[in-house]
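This is input_21.cif (mmCIF, C-alpha atoms).
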```
data_model
#
loop_
_atom_site.label_atom_id
_atom_site.label_comp_id
_atom_site.auth_asym_id
_atom_site.auth_seq_id
_atom_site.Cartn_x
_atom_site.Cartn_y
_atom_site.Cartn_z
CA MET A 124 -35.78 16.11 -56.10
CA ILE A 125 -37.60 16.06 -52.78
CA THR A 126 -37.15 13.02 -50.55
CA ARG A 127 -40.22 13.39 -48.35
CA ILE A 128 -43.87 14.36 -48.59
CA SER A 129 -46.00 15.12 -45.53
CA ILE A 130 -49.78 15.11 -45.30
CA THR A 131 -52.31 16.12 -42.67
CA PHE A 132 -56.09 16.30 -42.57
CA GLY A 133 -58.62 18.78 -41.25
CA THR A 134 -61.22 21.39 -41.97
CA LYS A 135 -60.77 23.99 -44.66
CA ALA A 136 -60.47 26.79 -42.09
CA VAL A 137 -57.74 25.02 -40.10
CA LEU A 138 -55.75 23.96 -43.15
CA GLU A 139 -55.97 27.40 -44.76
CA THR A 140 -54.60 28.86 -41.51
CA VAL A 141 -51.55 26.61 -41.85
CA ILE A 142 -51.07 27.67 -45.47
CA LYS A 143 -51.21 31.35 -44.51
CA LYS A 144 -48.82 30.84 -41.60
CA TYR A 145 -46.19 29.26 -43.90
CA PRO A 146 -46.44 31.11 -47.23
CA ASP A 147 -42.90 30.05 -48.21
CA ARG A 148 -43.95 26.37 -48.27
CA GLN A 149 -45.28 24.60 -51.32
CA MET A 150 -48.52 23.14 -49.97
CA LEU A 151 -51.53 21.77 -51.79
CA LEU A 152 -55.03 21.85 -50.34
CA LEU A 153 -56.76 18.71 -51.60
CA ASP A 154 -60.35 17.49 -51.43
CA THR A 155 -61.90 14.06 -51.98
CA SER A 156 -65.47 15.23 -52.44
CA GLU A 157 -67.64 17.79 -54.12
CA LYS A 158 -68.86 19.02 -50.74
CA GLY A 159 -65.45 20.17 -49.49
CA ASP A 160 -65.65 18.26 -46.23
CA GLN A 161 -62.81 15.74 -46.61
CA LEU A 162 -59.70 17.86 -46.91
CA ALA A 163 -56.01 17.06 -46.84
CA LEU A 164 -53.00 19.35 -46.88
CA LEU A 165 -49.98 18.04 -48.74
CA ASP A 166 -46.58 19.61 -48.05
CA VAL A 167 -44.38 18.99 -51.07
CA SER A 168 -41.61 21.37 -50.01
CA GLY A 169 -39.36 18.52 -48.83
CA GLN A 170 -38.63 20.49 -45.65
CA PRO A 171 -39.26 19.28 -42.08
CA SER A 172 -42.98 19.20 -41.37
CA VAL A 173 -44.81 22.10 -39.77
CA PHE A 174 -47.96 20.02 -39.24
CA ALA A 175 -49.19 19.19 -35.73
CA SER A 176 -50.27 15.67 -36.77
CA PRO A 177 -48.37 14.74 -39.92
CA VAL A 178 -47.98 11.51 -41.79
CA HIS A 179 -44.60 11.39 -43.52
CA TYR A 180 -43.82 9.48 -46.68
CA ASP A 181 -40.23 8.83 -47.69
CA ILE A 182 -39.85 8.92 -51.47
CA LYS A 183 -37.93 5.92 -52.76
CA LEU A 184 -38.41 6.53 -56.50
CA HIS A 185 -39.94 9.21 -58.68
CA ARG A 186 -40.52 9.75 -62.35
CA GLY A 187 -42.33 12.45 -64.25
CA THR A 188 -42.98 16.12 -63.89
CA ALA A 189 -42.64 18.16 -60.71
CA GLU A 190 -45.84 20.05 -61.60
CA TRP A 191 -48.34 19.73 -58.78
CA ARG A 192 -51.67 19.93 -60.60
CA GLY A 193 -54.26 17.53 -61.87
CA PHE A 194 -55.90 14.48 -60.33
CA PHE A 195 -54.04 13.01 -57.33
CA ASN A 196 -54.22 9.35 -56.32
CA PHE A 197 -52.69 7.50 -53.38
CA MET A 198 -52.72 3.68 -53.41
CA TYR A 199 -51.84 2.20 -50.02
CA PHE A 200 -50.51 -1.36 -49.77
CA ASN A 201 -50.10 -1.91 -46.03
CA ASN A 202 -48.43 -4.53 -43.86
CA LEU A 203 -47.31 -6.88 -46.61
CA SER A 204 -45.68 -10.13 -45.62
CA PRO A 205 -41.87 -10.22 -46.01
CA GLU A 206 -42.23 -12.28 -49.21
CA ASP A 207 -44.91 -10.02 -50.65
CA GLN A 208 -42.87 -6.96 -49.65
CA LYS A 209 -39.92 -8.16 -51.77
CA THR A 210 -42.21 -8.85 -54.73
CA PHE A 211 -44.02 -5.54 -54.37
CA ASN A 212 -40.76 -3.57 -54.12
CA ALA A 213 -39.50 -5.20 -57.33
CA LYS A 214 -42.74 -4.57 -59.24
CA ALA A 215 -43.05 -0.97 -58.03
CA SER A 216 -39.40 -0.26 -58.85
CA GLN A 217 -39.74 -1.71 -62.32
CA PHE A 218 -42.93 0.26 -62.97
CA VAL A 219 -41.45 3.58 -61.83
CA LYS A 220 -38.00 3.13 -63.39
CA SER A 221 -38.59 1.42 -66.71
CA GLN A 222 -42.22 0.91 -67.72
CA PRO A 223 -43.73 3.42 -70.13
CA MET A 224 -45.82 5.98 -68.27
CA PRO A 225 -49.53 5.41 -68.90
CA ASP A 226 -51.42 7.96 -70.96
CA GLY A 227 -52.35 10.93 -68.82
CA MET A 228 -49.92 10.16 -65.98
CA ARG A 229 -47.90 13.25 -65.10
CA ALA A 230 -45.84 11.76 -62.26
CA VAL A 231 -45.50 8.68 -60.10
CA TYR A 232 -43.86 8.28 -56.70
CA PHE A 233 -43.06 5.03 -54.91
CA MET A 234 -43.03 5.86 -51.21
CA LYS A 235 -42.81 4.22 -47.79
CA GLU A 236 -44.54 5.43 -44.69
CA GLU A 237 -41.82 6.79 -42.41
CA LYS A 238 -43.13 5.08 -39.26
CA ASN A 239 -43.87 1.73 -40.89
CA TRP A 240 -41.78 0.71 -43.88
CA SER A 241 -44.05 -2.25 -44.59
CA ASN A 242 -46.63 0.35 -45.69
CA ASN A 243 -46.10 1.11 -49.37
CA ILE A 244 -47.64 3.97 -51.28
CA ILE A 245 -47.90 4.54 -55.00
CA PHE A 246 -48.72 8.22 -55.40
CA SER A 247 -49.60 9.35 -58.89
CA ILE A 248 -50.64 12.59 -60.53
CA TRP A 249 -52.84 12.47 -63.61
CA ASP A 250 -54.34 14.79 -66.18
CA SER A 251 -57.78 13.50 -65.15
CA ALA A 252 -59.62 10.91 -63.08
CA ASP A 253 -60.59 9.19 -66.32
CA ASP A 254 -56.92 8.63 -67.20
CA TYR A 255 -56.35 6.99 -63.81
CA LEU A 256 -59.44 4.78 -64.14
CA THR A 257 -58.42 3.75 -67.66
CA TRP A 258 -54.94 2.77 -66.41
CA LYS A 259 -56.46 0.47 -63.79
CA ARG A 260 -57.96 -1.58 -66.65
CA THR A 261 -54.70 -1.97 -68.60
CA ALA A 262 -51.83 -4.45 -68.54
CA SER A 263 -49.66 -1.72 -67.03
CA PHE A 264 -51.67 -1.99 -63.80
CA THR A 265 -51.62 -5.81 -63.72
CA PRO A 266 -48.44 -6.11 -61.56
CA PHE A 267 -50.32 -4.33 -58.75
CA SER A 268 -53.60 -6.28 -59.08
CA TYR A 269 -52.48 -9.10 -56.78
CA PHE A 270 -51.86 -6.60 -53.98
CA THR A 271 -55.21 -4.77 -54.24
CA GLY A 272 -57.23 -7.34 -52.33
CA PRO A 273 -58.46 -7.01 -48.75
CA LEU A 274 -55.83 -9.51 -47.52
CA ASN A 275 -53.15 -6.92 -48.27
CA ASN A 276 -54.91 -4.02 -46.53
CA PHE A 277 -55.21 -2.16 -49.81
CA HIS A 278 -57.06 1.13 -50.04
CA ALA A 279 -56.91 4.14 -52.28
CA ALA A 280 -57.67 7.83 -51.91
CA SER A 281 -58.16 10.26 -54.76
CA TYR A 282 -58.13 14.04 -54.59
CA HIS A 283 -58.54 17.17 -56.61
CA GLN A 284 -56.92 20.46 -55.75
CA VAL A 285 -59.02 23.09 -53.99
CA ASN A 286 -58.71 26.40 -55.78
CA GLY A 287 -58.76 29.68 -53.91
#
```

Hey, can you dump this file as structure tokens for me?
Amino acid sequence: MITRISITFGTKAVLETVIKKYPDRQMLLLDTSEKGDQLALLDVSGQPSVFASPVHYDIKLHRGTAEWRGFFNFMYFNNLSPEDQKTFNAKASQFVKSQPMPDGMRAVYFMKEEKNWSNNIIFSIWDSADDYLTWKRTASFTPFSYFTGPLNNFHAASYHQVNG
């Protein structure tokens, strides 16, 4: 299992140049829009980053497939108080380790931002965006609901893989 994921952002031309320069790396070109103007490059090789401006995530827990395809979602829970951090860690650990995986979820990763361990990331891979949206309305998502408010600096980013 890999212990780190790195991500960087840029234009399609720049990110494709990086992919071509490092063909031995497992990298995913991801997009948030239909227009192709909000791109991210995800290095899932687990090797030291080759990106000029990377963000590194240390993987604390993982469950599910190692197949890198589908709908990708990052939920960021940043700068939690020490009390909320303990609660969040417990809820995230329980979800990843022992809760049944929601329908359509292929994989889930509980990660910490390398430079700021009070920044927590739940990274999930789904069969479809609809599966992810359905999960957010179920009891399985409830443990995270408290942390999704603006007081906890919550935000999410969803991506699809760019083909070709």

Which polymer residues, whether protein, DNA or RNA, lie within 12 Å of the coordinate (-57.4, 3.0, -64.9) when you count only C-alpha atoms? List them as an mmCIF file with C-alpha atoms, keeping the file's coordinate frame, using the chain letters and numbers from the file.
```cif
data_model
loop_
_atom_site.group_PDB
_atom_site.id
_atom_site.type_symbol
_atom_site.label_atom_id
_atom_site.label_comp_id
_atom_site.auth_asym_id
_atom_site.auth_seq_id
_atom_site.Cartn_x
_atom_site.Cartn_y
_atom_site.Cartn_z
ATOM 1 C CA ASN A 196 -54.220 9.350 -56.320
ATOM 2 C CA PRO A 225 -49.530 5.410 -68.900
ATOM 3 C CA ASP A 226 -51.420 7.960 -70.960
ATOM 4 C CA GLY A 227 -52.350 10.930 -68.820
ATOM 5 C CA MET A 228 -49.920 10.160 -65.980
ATOM 6 C CA SER A 247 -49.600 9.350 -58.890
ATOM 7 C CA TRP A 249 -52.840 12.470 -63.610
ATOM 8 C CA SER A 251 -57.780 13.500 -65.150
ATOM 9 C CA ALA A 252 -59.620 10.910 -63.080
ATOM 10 C CA ASP A 253 -60.590 9.190 -66.320
ATOM 11 C CA ASP A 254 -56.920 8.630 -67.200
ATOM 12 C CA TYR A 255 -56.350 6.990 -63.810
ATOM 13 C CA LEU A 256 -59.440 4.780 -64.140
ATOM 14 C CA THR A 257 -58.420 3.750 -67.660
ATOM 15 C CA TRP A 258 -54.940 2.770 -66.410
ATOM 16 C CA LYS A 259 -56.460 0.470 -63.790
ATOM 17 C CA ARG A 260 -57.960 -1.580 -66.650
ATOM 18 C CA THR A 261 -54.700 -1.970 -68.600
ATOM 19 C CA ALA A 262 -51.830 -4.450 -68.540
ATOM 20 C CA SER A 263 -49.660 -1.720 -67.030
ATOM 21 C CA PHE A 264 -51.670 -1.990 -63.800
ATOM 22 C CA THR A 265 -51.620 -5.810 -63.720
ATOM 23 C CA PHE A 267 -50.320 -4.330 -58.750
ATOM 24 C CA SER A 268 -53.600 -6.280 -59.080
#
```

Of A:Ile248, A:Val173, A:Val137, A:Ala215, the one nearest to Val231 (chain A) when counting all atoms listed in the file is A:Ile248

Which residues of region 139-189 of chain A have any atom within 12 Å of an atom in region 239-245 of chain A when counting all atoms listed in the file, and what is the closest pair of atoms for each, with the distance in Å to one decimal? Order the rows by chain and rising number and write it as a Markdown table.
```
| residue | atom | partner | partner_atom | distance |
| --- | --- | --- | --- | --- |
| A:Val178 | CA | A:Asn239 | CA | 10.6 |
| A:His179 | CA | A:Asn239 | CA | 10.0 |
| A:Tyr180 | CA | A:Ile244 | CA | 8.1 |
| A:Asp181 | CA | A:Trp240 | CA | 9.1 |
| A:Ile182 | CA | A:Ile244 | CA | 9.2 |
| A:Lys183 | CA | A:Ile244 | CA | 10.0 |
| A:Leu184 | CA | A:Ile245 | CA | 9.8 |
| A:His185 | CA | A:Ile245 | CA | 9.9 |
| A:Arg186 | CA | A:Ile245 | CA | 11.6 |
```

query: So which residues touch region 200-211 of chain A within 12 Å, counting only C-alpha atoms, skipping near sequence neighbours fewer than 5 positions away, as a PyMOL selection string?
result: chain A and resi 216-218+233-236+238-246+266-280

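Nearest-residue note for Gln284 (chain A): choosing from A:Leu152, A:Ile125, A:Ala136, A:Ala213, the minimum distance belongs to A:Leu152, counting all atoms listed in the file.
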
Counting all atoms listed in the file, the residue among A:Lys135, A:Arg127, A:Arg229, A:Lys143 that lies closest to Gly193 (chain A) is A:Arg229

**Report entry** Residues matched by the PyMOL selection byres ((chain A and resi 165) around 8) as a list in words
**Finding:**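 That expression, the PyMOL selection byres ((chain A and resi 165) around 8), corresponds here to Ile128, Ser129, Ile130, Thr131, Met150, Leu151, Leu152, Leu153, Ala163, Leu164, Asp166 and Val167 of chain A.
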
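Checking A:Gln149, A:Arg192, A:Thr134, A:Met198 one by one against Asn286 (chain A), counting all atoms listed in the file, you find the shortest gap at A:Arg192.
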
Write a file for region 160-187 of chain A of the given structure; include N, CA, C and O atoms and format it as a PDB file, in the first residue's frame.
```pdb
ATOM      1  N   ASP A 160     -10.674  23.390 -17.650  1.00  0.00           N
ATOM      2  CA  ASP A 160      -9.807  24.505 -17.249  1.00  0.00           C
ATOM      3  C   ASP A 160      -9.405  24.479 -15.774  1.00  0.00           C
ATOM      4  O   ASP A 160      -8.734  25.386 -15.311  1.00  0.00           O
ATOM      5  N   GLN A 161      -9.809  23.478 -15.035  1.00  0.00           N
ATOM      6  CA  GLN A 161      -9.455  23.370 -13.626  1.00  0.00           C
ATOM      7  C   GLN A 161      -8.842  21.992 -13.395  1.00  0.00           C
ATOM      8  O   GLN A 161      -9.496  21.078 -12.905  1.00  0.00           O
ATOM      9  N   LEU A 162      -7.583  21.848 -13.766  1.00  0.00           N
ATOM     10  CA  LEU A 162      -6.950  20.541 -13.771  1.00  0.00           C
ATOM     11  C   LEU A 162      -6.032  20.316 -12.575  1.00  0.00           C
ATOM     12  O   LEU A 162      -5.416  21.251 -12.068  1.00  0.00           O
ATOM     13  N   ALA A 163      -5.971  19.062 -12.175  1.00  0.00           N
ATOM     14  CA  ALA A 163      -5.070  18.621 -11.112  1.00  0.00           C
ATOM     15  C   ALA A 163      -4.348  17.378 -11.613  1.00  0.00           C
ATOM     16  O   ALA A 163      -4.875  16.623 -12.434  1.00  0.00           O
ATOM     17  N   LEU A 164      -3.140  17.189 -11.121  1.00  0.00           N
ATOM     18  CA  LEU A 164      -2.372  15.990 -11.433  1.00  0.00           C
ATOM     19  C   LEU A 164      -2.084  15.279 -10.124  1.00  0.00           C
ATOM     20  O   LEU A 164      -1.479  15.853  -9.215  1.00  0.00           O
ATOM     21  N   LEU A 165      -2.557  14.067 -10.027  1.00  0.00           N
ATOM     22  CA  LEU A 165      -2.437  13.266  -8.817  1.00  0.00           C
ATOM     23  C   LEU A 165      -1.392  12.185  -9.047  1.00  0.00           C
ATOM     24  O   LEU A 165      -1.497  11.394  -9.982  1.00  0.00           O
ATOM     25  N   ASP A 166      -0.346  12.184  -8.217  1.00  0.00           N
ATOM     26  CA  ASP A 166       0.698  11.165  -8.290  1.00  0.00           C
ATOM     27  C   ASP A 166       0.390  10.127  -7.225  1.00  0.00           C
ATOM     28  O   ASP A 166       0.473  10.396  -6.022  1.00  0.00           O
ATOM     29  N   VAL A 167       0.005   8.942  -7.669  1.00  0.00           N
ATOM     30  CA  VAL A 167      -0.364   7.864  -6.755  1.00  0.00           C
ATOM     31  C   VAL A 167       0.688   6.760  -6.757  1.00  0.00           C
ATOM     32  O   VAL A 167       0.416   5.628  -6.371  1.00  0.00           O
ATOM     33  N   SER A 168       1.905   7.117  -7.165  1.00  0.00           N
ATOM     34  CA  SER A 168       2.991   6.141  -7.216  1.00  0.00           C
ATOM     35  C   SER A 168       3.555   5.830  -5.835  1.00  0.00           C
ATOM     36  O   SER A 168       4.180   4.794  -5.637  1.00  0.00           O
ATOM     37  N   GLY A 169       3.370   6.756  -4.886  1.00  0.00           N
ATOM     38  CA  GLY A 169       3.937   6.582  -3.551  1.00  0.00           C
ATOM     39  C   GLY A 169       5.404   6.961  -3.480  1.00  0.00           C
ATOM     40  O   GLY A 169       6.014   6.896  -2.413  1.00  0.00           O
ATOM     41  N   GLN A 170       5.989   7.381  -4.584  1.00  0.00           N
ATOM     42  CA  GLN A 170       7.396   7.763  -4.639  1.00  0.00           C
ATOM     43  C   GLN A 170       7.550   9.248  -4.291  1.00  0.00           C
ATOM     44  O   GLN A 170       6.577   9.991  -4.290  1.00  0.00           O
ATOM     45  N   PRO A 171       8.779   9.690  -4.007  1.00  0.00           N
ATOM     46  CA  PRO A 171       8.993  11.123  -3.757  1.00  0.00           C
ATOM     47  C   PRO A 171       8.480  11.950  -4.929  1.00  0.00           C
ATOM     48  O   PRO A 171       8.587  11.551  -6.089  1.00  0.00           O
ATOM     49  N   SER A 172       7.920  13.095  -4.630  1.00  0.00           N
ATOM     50  CA  SER A 172       7.269  13.914  -5.640  1.00  0.00           C
ATOM     51  C   SER A 172       8.246  14.463  -6.669  1.00  0.00           C
ATOM     52  O   SER A 172       9.378  14.814  -6.357  1.00  0.00           O
ATOM     53  N   VAL A 173       7.767  14.564  -7.890  1.00  0.00           N
ATOM     54  CA  VAL A 173       8.511  15.194  -8.974  1.00  0.00           C
ATOM     55  C   VAL A 173       7.881  16.545  -9.327  1.00  0.00           C
ATOM     56  O   VAL A 173       8.337  17.218 -10.247  1.00  0.00           O
ATOM     57  N   PHE A 174       6.860  16.949  -8.598  1.00  0.00           N
ATOM     58  CA  PHE A 174       6.156  18.195  -8.883  1.00  0.00           C
ATOM     59  C   PHE A 174       6.939  19.386  -8.353  1.00  0.00           C
ATOM     60  O   PHE A 174       7.545  19.321  -7.282  1.00  0.00           O
ATOM     61  N   ALA A 175       6.865  20.505  -9.077  1.00  0.00           N
ATOM     62  CA  ALA A 175       7.526  21.740  -8.648  1.00  0.00           C
ATOM     63  C   ALA A 175       6.818  22.352  -7.443  1.00  0.00           C
ATOM     64  O   ALA A 175       7.460  22.901  -6.550  1.00  0.00           O
ATOM     65  N   SER A 176       5.484  22.272  -7.410  1.00  0.00           N
ATOM     66  CA  SER A 176       4.702  22.844  -6.312  1.00  0.00           C
ATOM     67  C   SER A 176       3.687  21.822  -5.807  1.00  0.00           C
ATOM     68  O   SER A 176       2.484  21.959  -6.024  1.00  0.00           O
ATOM     69  N   PRO A 177       4.166  20.798  -5.118  1.00  0.00           N
ATOM     70  CA  PRO A 177       3.242  19.741  -4.694  1.00  0.00           C
ATOM     71  C   PRO A 177       2.559  20.047  -3.359  1.00  0.00           C
ATOM     72  O   PRO A 177       3.042  20.833  -2.554  1.00  0.00           O
ATOM     73  N   VAL A 178       1.443  19.390  -3.167  1.00  0.00           N
ATOM     74  CA  VAL A 178       0.826  19.256  -1.856  1.00  0.00           C
ATOM     75  C   VAL A 178       0.878  17.762  -1.572  1.00  0.00           C
ATOM     76  O   VAL A 178       0.471  16.950  -2.410  1.00  0.00           O
ATOM     77  N   HIS A 179       1.419  17.409  -0.413  1.00  0.00           N
ATOM     78  CA  HIS A 179       1.560  16.002  -0.048  1.00  0.00           C
ATOM     79  C   HIS A 179       0.530  15.633   1.011  1.00  0.00           C
ATOM     80  O   HIS A 179       0.304  16.388   1.956  1.00  0.00           O
ATOM     81  N   TYR A 180      -0.047  14.451   0.833  1.00  0.00           N
ATOM     82  CA  TYR A 180      -0.969  13.899   1.810  1.00  0.00           C
ATOM     83  C   TYR A 180      -0.404  12.573   2.307  1.00  0.00           C
ATOM     84  O   TYR A 180      -0.109  11.683   1.509  1.00  0.00           O
ATOM     85  N   ASP A 181      -0.265  12.459   3.606  1.00  0.00           N
ATOM     86  CA  ASP A 181       0.167  11.209   4.218  1.00  0.00           C
ATOM     87  C   ASP A 181      -1.067  10.356   4.489  1.00  0.00           C
ATOM     88  O   ASP A 181      -2.003  10.801   5.155  1.00  0.00           O
ATOM     89  N   ILE A 182      -1.057   9.142   3.987  1.00  0.00           N
ATOM     90  CA  ILE A 182      -2.195   8.239   4.140  1.00  0.00           C
ATOM     91  C   ILE A 182      -2.114   7.571   5.502  1.00  0.00           C
ATOM     92  O   ILE A 182      -1.142   6.903   5.825  1.00  0.00           O
ATOM     93  N   LYS A 183      -3.139   7.771   6.303  1.00  0.00           N
ATOM     94  CA  LYS A 183      -3.211   7.149   7.623  1.00  0.00           C
ATOM     95  C   LYS A 183      -3.940   5.806   7.548  1.00  0.00           C
ATOM     96  O   LYS A 183      -3.536   4.843   8.174  1.00  0.00           O
ATOM     97  N   LEU A 184      -5.037   5.777   6.790  1.00  0.00           N
ATOM     98  CA  LEU A 184      -5.832   4.553   6.646  1.00  0.00           C
ATOM     99  C   LEU A 184      -6.382   4.464   5.231  1.00  0.00           C
ATOM    100  O   LEU A 184      -6.650   5.484   4.595  1.00  0.00           O
ATOM    101  N   HIS A 185      -6.558   3.243   4.766  1.00  0.00           N
ATOM    102  CA  HIS A 185      -7.121   3.010   3.441  1.00  0.00           C
ATOM    103  C   HIS A 185      -7.941   1.734   3.467  1.00  0.00           C
ATOM    104  O   HIS A 185      -7.603   0.778   4.165  1.00  0.00           O
ATOM    105  N   ARG A 186      -9.000   1.755   2.689  1.00  0.00           N
ATOM    106  CA  ARG A 186      -9.780   0.537   2.480  1.00  0.00           C
ATOM    107  C   ARG A 186     -10.365   0.587   1.080  1.00  0.00           C
ATOM    108  O   ARG A 186     -10.731   1.654   0.581  1.00  0.00           O
ATOM    109  N   GLY A 187     -10.431  -0.551   0.453  1.00  0.00           N
ATOM    110  CA  GLY A 187     -11.032  -0.637  -0.871  1.00  0.00           C
ATOM    111  C   GLY A 187     -10.021  -1.007  -1.932  1.00  0.00           C
ATOM    112  O   GLY A 187      -8.897  -1.411  -1.637  1.00  0.00           O
TER     113      GLY A 187
END
```
